[in-house]
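S.K.: Sharing a structure with you now.
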Amino acid sequence: MNFEAFVLAATTNDLTREPAARGLADIIEFRMDKADDPLAQLDDYDGELPLIATNRTRWFGGQAADTGRLDRLSAASRSDHVEVVDVELETARGMEWILDELRDNAVDCIVSHHTFEDTPEREVLDAIFRQCGEYGDIAKVATFPRKHTDVLRLLRSINVATKKGIDVAGISMGRIGSHSRAVAPIYGSRLGYAPLADDESEYAPGQIPLERLRTLIDDLTAESEIQSAAAAAEDHPENRQPAKH
């Protein structure tokens with residue numbers, strides 16, 4: 001999967017909903033842990049959009065039982081439709097063999113870390129992004145803010161990791177962090193998530209419906225040339241032009 005440009009994933013546990021995501025999403029995140037008979041759904045899938053396979057354990061906000069969870073994820077990675085697989089950082093650390101097995105099946109790996117209680121301090125956040133990037137092709141970090149400055153701290157770490165050459169996905173969850181899903185691409189986030197408007201399943205707190213998020217991101221990133229110019233001026237102050245009065 002090419003993450004050189006921002007990729008928006010539509011999250012669902014029902015692959016028959018894929019047609020509703022066409023023209024809005026770039027990829028489908030298939031939540032196997034919340035799906036009925038997920039491997040059968042993959043066998044029957046004939047959609048146009050490629051898939052991210054996610055089989056989240058209860059320890060990390062999902063519903064998958066530990067027994068057989070990674071086996072089902074490995075089986076999913078053998079599907080021709082699955083281009084990316086999500087593995088938690090803790091799983092990657094403890095069972096690195098699963099990453100080798102997934103890559104043998106020619107898929108990219110998102111290595112993710114979720115903090116559901118708070119937002120770590122700056123140095124810890126930077127270290128989490130770095131560690132996820134060491135194991136995965138995409139370093140996904142989702143945190144929970146208690147105040148708006150927590151969101152700013154995550155956006156800063158997204159930007160720092162991006163400047164170090166790490167492909168990242170950064171999300172601040174909940175009501176306070178909801179806007180981060182729209183603005184994170186400006187700071188370097190390569191991957192975002194949104195549910196379909198008619199999907200009533202709960203995937204993560206603070207999500208914005210797909211069509212609305214697509215519009216917000218497109219509107220905001222239309223100014224990306226201005227953002228890039230401002231960033232260049234910040235990084236190279238010698239190139240700034242004096243203000244005219």
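Identifiers in the structure tokens: chain A, B, ... in order shown; residue index from 1 per chain; ligand index from 1 in order shown.
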According to DSSP computed on the backbone, where in range 133-211 of chain A is there helix (DSSP H, G or I)? Give the residues as a VMD selection string.
M.R.: chain A and resid 133 to 135 148 to 163 174 to 177 180 to 187 210 to 211
S.K.: Kindly provide the residues of range 64-100 of chain A that approach range 137-161 of chain A to within 12 Å, each paired with its closest atom pair and their distance in Å to one decimal, based on only C-alpha atoms, listed by chain and increasing number, as JSON lines.
M.R.:
{"residue": "A:Glu83", "atom": "CA", "partner": "A:Asp137", "partner_atom": "CA", "distance": 11.9}
{"residue": "A:Val84", "atom": "CA", "partner": "A:Asp137", "partner_atom": "CA", "distance": 9.4}
{"residue": "A:Val85", "atom": "CA", "partner": "A:Asp137", "partner_atom": "CA", "distance": 10.1}
{"residue": "A:Asp86", "atom": "CA", "partner": "A:Lys140", "partner_atom": "CA", "distance": 9.0}
{"residue": "A:Val87", "atom": "CA", "partner": "A:Lys140", "partner_atom": "CA", "distance": 9.8}
{"residue": "A:Glu88", "atom": "CA", "partner": "A:Lys140", "partner_atom": "CA", "distance": 9.0}
{"residue": "A:Leu89", "atom": "CA", "partner": "A:Ala139", "partner_atom": "CA", "distance": 9.1}
{"residue": "A:Ala92", "atom": "CA", "partner": "A:Ala139", "partner_atom": "CA", "distance": 11.9}
{"residue": "A:Leu99", "atom": "CA", "partner": "A:Asp137", "partner_atom": "CA", "distance": 10.6}
S.K.: Convert the current residue selection to file output with N, CA, C and O atoms, as a tab-separated table (two decimals), in the first residue's frame.
M.R.:
chain	number	residue	atom	x	y	z
A	83	GLU	N	-4.31	-5.80	1.98
A	83	GLU	CA	-3.00	-5.20	1.67
A	83	GLU	C	-2.25	-4.77	2.92
A	83	GLU	O	-1.03	-4.59	2.88
A	84	VAL	N	-2.98	-4.60	4.04
A	84	VAL	CA	-2.38	-4.09	5.27
A	84	VAL	C	-2.98	-4.85	6.45
A	84	VAL	O	-4.18	-5.18	6.44
A	85	VAL	N	-2.16	-5.12	7.47
A	85	VAL	CA	-2.62	-5.77	8.69
A	85	VAL	C	-2.17	-4.94	9.88
A	85	VAL	O	-1.05	-4.43	9.91
A	86	ASP	N	-3.07	-4.81	10.86
A	86	ASP	CA	-2.78	-4.04	12.07
A	86	ASP	C	-2.37	-4.99	13.20
A	86	ASP	O	-3.09	-5.94	13.50
A	87	VAL	N	-1.23	-4.71	13.82
A	87	VAL	CA	-0.74	-5.49	14.96
A	87	VAL	C	-0.38	-4.52	16.07
A	87	VAL	O	0.29	-3.51	15.83
A	88	GLU	N	-0.79	-4.81	17.29
A	88	GLU	CA	-0.48	-3.93	18.41
A	88	GLU	C	1.02	-3.97	18.73
A	88	GLU	O	1.67	-5.01	18.56
A	89	LEU	N	1.54	-2.86	19.21
A	89	LEU	CA	2.96	-2.78	19.56
A	89	LEU	C	3.33	-3.86	20.57
A	89	LEU	O	4.38	-4.50	20.45
A	92	ALA	N	3.66	-7.06	18.78
A	92	ALA	CA	4.87	-7.08	17.95
A	92	ALA	C	6.11	-7.31	18.81
A	92	ALA	O	7.04	-8.05	18.40
A	99	LEU	N	4.99	-10.73	12.64
A	99	LEU	CA	5.32	-9.74	11.61
A	99	LEU	C	6.02	-10.39	10.44
A	99	LEU	O	5.73	-10.07	9.27
S.K.: For the atom pair CA of Val111 in chain A and CA of Glu134 in chain A, what is the interatomic distance in Å to one decimal place?
M.R.: 9.0 Å
S.K.: Please, what distance in Å, to one decimal, runs between CA of Ala169 in chain A and CA of Ile110 in chain A?
M.R.: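 Answer for the CA of Ala169 in chain A to CA of Ile110 in chain A separation: 9.0 Å.
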S.K.: Check the smallest atom-to-atom distance from each of A:Leu125, A:Leu51, A:Ala194, A:Ala182 to Glu211 in chain A using only C-alpha atoms, then report the winner.
M.R.: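 Answer, going by the shortest atom-to-atom distance: A:Ala194.
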S.K.: Using only C-alpha atoms, which of the listed residues (A:Thr162, A:Asn55, A:Thr115, A:Asn105) sits closest to Thr67 in chain A?
M.R.: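 Once distances to Thr67 in chain A are computed over only C-alpha atoms, the minimum belongs to A:Asn55.
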S.K.: Can you work out which one of A:Gly177, A:Gly133, A:Gly62, A:Gly94 has the shortest atom-to-atom distance to Thr119 in chain A, counting only C-alpha atoms?
M.R.: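 Closest candidate: A:Gly177.
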S.K.: Please extract the residues of range 16-163 of chain A with a backbone DSSP assignment of strand (DSSP E) and present them as a ChimeraX atom specification.
M.R.: /A:27-31,51-54,82-88,108-114,138-143
S.K.: Could you write those residues out with N, CA, C and O atoms, as an mmCIF file, in the first residue's frame?
M.R.:
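again.cif written:
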data_model
loop_
_atom_site.group_PDB
_atom_site.id
_atom_site.type_symbol
_atom_site.label_atom_id
_atom_site.label_comp_id
_atom_site.auth_asym_id
_atom_site.auth_seq_id
_atom_site.Cartn_x
_atom_site.Cartn_y
_atom_site.Cartn_z
ATOM 1 N N ILE A 27 -9.458 2.945 1.363
ATOM 2 C CA ILE A 27 -9.254 1.576 1.824
ATOM 3 C C ILE A 27 -10.317 1.290 2.878
ATOM 4 O O ILE A 27 -10.897 2.215 3.469
ATOM 5 N N ILE A 28 -10.591 0.024 3.114
ATOM 6 C CA ILE A 28 -11.527 -0.400 4.152
ATOM 7 C C ILE A 28 -10.745 -1.010 5.310
ATOM 8 O O ILE A 28 -9.886 -1.880 5.086
ATOM 9 N N GLU A 29 -11.006 -0.535 6.532
ATOM 10 C CA GLU A 29 -10.502 -1.252 7.701
ATOM 11 C C GLU A 29 -11.567 -2.253 8.116
ATOM 12 O O GLU A 29 -12.658 -1.876 8.552
ATOM 13 N N PHE A 30 -11.265 -3.528 7.984
ATOM 14 C CA PHE A 30 -12.199 -4.592 8.337
ATOM 15 C C PHE A 30 -11.933 -5.015 9.771
ATOM 16 O O PHE A 30 -10.912 -5.615 10.072
ATOM 17 N N ARG A 31 -12.870 -4.689 10.666
ATOM 18 C CA ARG A 31 -12.746 -5.039 12.078
ATOM 19 C C ARG A 31 -13.213 -6.474 12.281
ATOM 20 O O ARG A 31 -14.367 -6.754 12.570
ATOM 21 N N LEU A 51 -8.155 -3.783 1.573
ATOM 22 C CA LEU A 51 -8.546 -3.955 2.971
ATOM 23 C C LEU A 51 -7.360 -3.858 3.928
ATOM 24 O O LEU A 51 -6.251 -4.298 3.617
ATOM 25 N N ILE A 52 -7.648 -3.269 5.106
ATOM 26 C CA ILE A 52 -6.814 -3.410 6.297
ATOM 27 C C ILE A 52 -7.503 -4.439 7.181
ATOM 28 O O ILE A 52 -8.689 -4.297 7.482
ATOM 29 N N ALA A 53 -6.793 -5.465 7.607
ATOM 30 C CA ALA A 53 -7.346 -6.445 8.529
ATOM 31 C C ALA A 53 -6.936 -6.091 9.958
ATOM 32 O O ALA A 53 -5.739 -5.977 10.250
ATOM 33 N N THR A 54 -7.932 -5.894 10.816
ATOM 34 C CA THR A 54 -7.695 -5.587 12.227
ATOM 35 C C THR A 54 -8.459 -6.598 13.065
ATOM 36 O O THR A 54 -9.665 -6.773 12.876
ATOM 37 N N VAL A 82 -6.516 -8.233 1.054
ATOM 38 C CA VAL A 82 -5.900 -7.597 2.226
ATOM 39 C C VAL A 82 -4.506 -7.104 1.862
ATOM 40 O O VAL A 82 -3.634 -7.892 1.490
ATOM 41 N N GLU A 83 -4.306 -5.801 1.978
ATOM 42 C CA GLU A 83 -2.998 -5.202 1.672
ATOM 43 C C GLU A 83 -2.245 -4.770 2.922
ATOM 44 O O GLU A 83 -1.029 -4.586 2.880
ATOM 45 N N VAL A 84 -2.982 -4.602 4.038
ATOM 46 C CA VAL A 84 -2.377 -4.090 5.269
ATOM 47 C C VAL A 84 -2.976 -4.854 6.446
ATOM 48 O O VAL A 84 -4.176 -5.178 6.438
ATOM 49 N N VAL A 85 -2.158 -5.116 7.472
ATOM 50 C CA VAL A 85 -2.625 -5.774 8.693
ATOM 51 C C VAL A 85 -2.173 -4.942 9.885
ATOM 52 O O VAL A 85 -1.054 -4.427 9.906
ATOM 53 N N ASP A 86 -3.066 -4.809 10.859
ATOM 54 C CA ASP A 86 -2.776 -4.039 12.074
ATOM 55 C C ASP A 86 -2.375 -4.989 13.200
ATOM 56 O O ASP A 86 -3.094 -5.944 13.502
ATOM 57 N N VAL A 87 -1.233 -4.706 13.818
ATOM 58 C CA VAL A 87 -0.744 -5.490 14.958
ATOM 59 C C VAL A 87 -0.375 -4.517 16.071
ATOM 60 O O VAL A 87 0.289 -3.507 15.826
ATOM 61 N N GLU A 88 -0.790 -4.812 17.294
ATOM 62 C CA GLU A 88 -0.482 -3.934 18.415
ATOM 63 C C GLU A 88 1.016 -3.970 18.732
ATOM 64 O O GLU A 88 1.675 -5.008 18.563
ATOM 65 N N ASP A 108 1.621 -5.050 4.130
ATOM 66 C CA ASP A 108 2.266 -4.070 4.993
ATOM 67 C C ASP A 108 1.706 -4.205 6.406
ATOM 68 O O ASP A 108 0.582 -4.689 6.605
ATOM 69 N N CYS A 109 2.481 -3.739 7.377
ATOM 70 C CA CYS A 109 2.070 -3.851 8.776
ATOM 71 C C CYS A 109 1.918 -2.480 9.423
ATOM 72 O O CYS A 109 2.851 -1.671 9.398
ATOM 73 N N ILE A 110 0.730 -2.237 9.975
ATOM 74 C CA ILE A 110 0.537 -1.129 10.897
ATOM 75 C C ILE A 110 0.867 -1.662 12.284
ATOM 76 O O ILE A 110 0.325 -2.697 12.700
ATOM 77 N N VAL A 111 1.764 -1.017 12.981
ATOM 78 C CA VAL A 111 2.005 -1.370 14.381
ATOM 79 C C VAL A 111 1.429 -0.240 15.222
ATOM 80 O O VAL A 111 1.812 0.924 15.074
ATOM 81 N N SER A 112 0.473 -0.607 16.074
ATOM 82 C CA SER A 112 -0.351 0.398 16.742
ATOM 83 C C SER A 112 -0.212 0.351 18.257
ATOM 84 O O SER A 112 0.074 -0.697 18.844
ATOM 85 N N HIS A 113 -0.436 1.519 18.848
ATOM 86 C CA HIS A 113 -0.453 1.627 20.312
ATOM 87 C C HIS A 113 -1.611 2.533 20.704
ATOM 88 O O HIS A 113 -1.787 3.622 20.143
ATOM 89 N N HIS A 114 -2.412 2.078 21.667
ATOM 90 C CA HIS A 114 -3.566 2.848 22.126
ATOM 91 C C HIS A 114 -3.436 3.130 23.625
ATOM 92 O O HIS A 114 -3.151 2.228 24.411
ATOM 93 N N ILE A 138 3.760 1.403 9.131
ATOM 94 C CA ILE A 138 3.043 2.582 9.619
ATOM 95 C C ILE A 138 3.025 2.520 11.141
ATOM 96 O O ILE A 138 2.711 1.476 11.736
ATOM 97 N N ALA A 139 3.373 3.620 11.794
ATOM 98 C CA ALA A 139 3.331 3.720 13.252
ATOM 99 C C ALA A 139 2.048 4.433 13.650
ATOM 100 O O ALA A 139 1.903 5.635 13.428
ATOM 101 N N LYS A 140 1.103 3.676 14.205
ATOM 102 C CA LYS A 140 -0.186 4.256 14.589
ATOM 103 C C LYS A 140 -0.228 4.442 16.108
ATOM 104 O O LYS A 140 -0.039 3.486 16.869
ATOM 105 N N VAL A 141 -0.519 5.674 16.543
ATOM 106 C CA VAL A 141 -0.614 5.975 17.964
ATOM 107 C C VAL A 141 -1.918 6.715 18.213
ATOM 108 O O VAL A 141 -2.177 7.753 17.600
ATOM 109 N N ALA A 142 -2.745 6.163 19.097
ATOM 110 C CA ALA A 142 -4.012 6.785 19.476
ATOM 111 C C ALA A 142 -4.000 7.035 20.973
ATOM 112 O O ALA A 142 -3.677 6.134 21.755
ATOM 113 N N THR A 143 -4.324 8.259 21.374
ATOM 114 C CA THR A 143 -4.296 8.634 22.784
ATOM 115 C C THR A 143 -5.618 9.269 23.181
ATOM 116 O O THR A 143 -6.430 9.654 22.333
#
S.K.: Tell me, as number ranges by chain, which residues lie within 8 Å of Pro209 in chain A, counting only C-alpha atoms; anything in the same chain fewer than 3 positions away does not count.
M.R.: A: 194-197, 212-213
S.K.: Counting only C-alpha atoms, give me one row per residue of range 74-155 of chain A with an atom at most 9 Å from an atom of range 36-42 of chain A, showing the shortest contact pair and its distance in Å to one decimal, sorted by chain then residue number, as CSV.
M.R.:
residue,atom,partner,partner_atom,distance
A:Ala75,CA,A:Leu39,CA,7.7
A:Ala76,CA,A:Leu39,CA,6.7
A:Ser79,CA,A:Leu42,CA,7.0
A:His81,CA,A:Leu42,CA,7.8
A:Val82,CA,A:Leu42,CA,8.7
S.K.: Mind dumping the selected residues with C-alpha atoms as an mmCIF file, in the first residue's frame?
M.R.:
data_model
loop_
_atom_site.group_PDB
_atom_site.id
_atom_site.type_symbol
_atom_site.label_atom_id
_atom_site.label_comp_id
_atom_site.auth_asym_id
_atom_site.auth_seq_id
_atom_site.Cartn_x
_atom_site.Cartn_y
_atom_site.Cartn_z
ATOM 1 C CA ALA A 75 -5.233 -16.276 7.533
ATOM 2 C CA ALA A 76 -6.689 -12.884 6.607
ATOM 3 C CA SER A 79 -6.456 -12.951 1.139
ATOM 4 C CA HIS A 81 -7.860 -8.295 -0.987
ATOM 5 C CA VAL A 82 -5.900 -7.597 2.226
#
S.K.: Report, in Å to a single decimal, how far apart CA of Leu24 in chain A and CA of Asp46 in chain A are.
M.R.: 18.0 Å
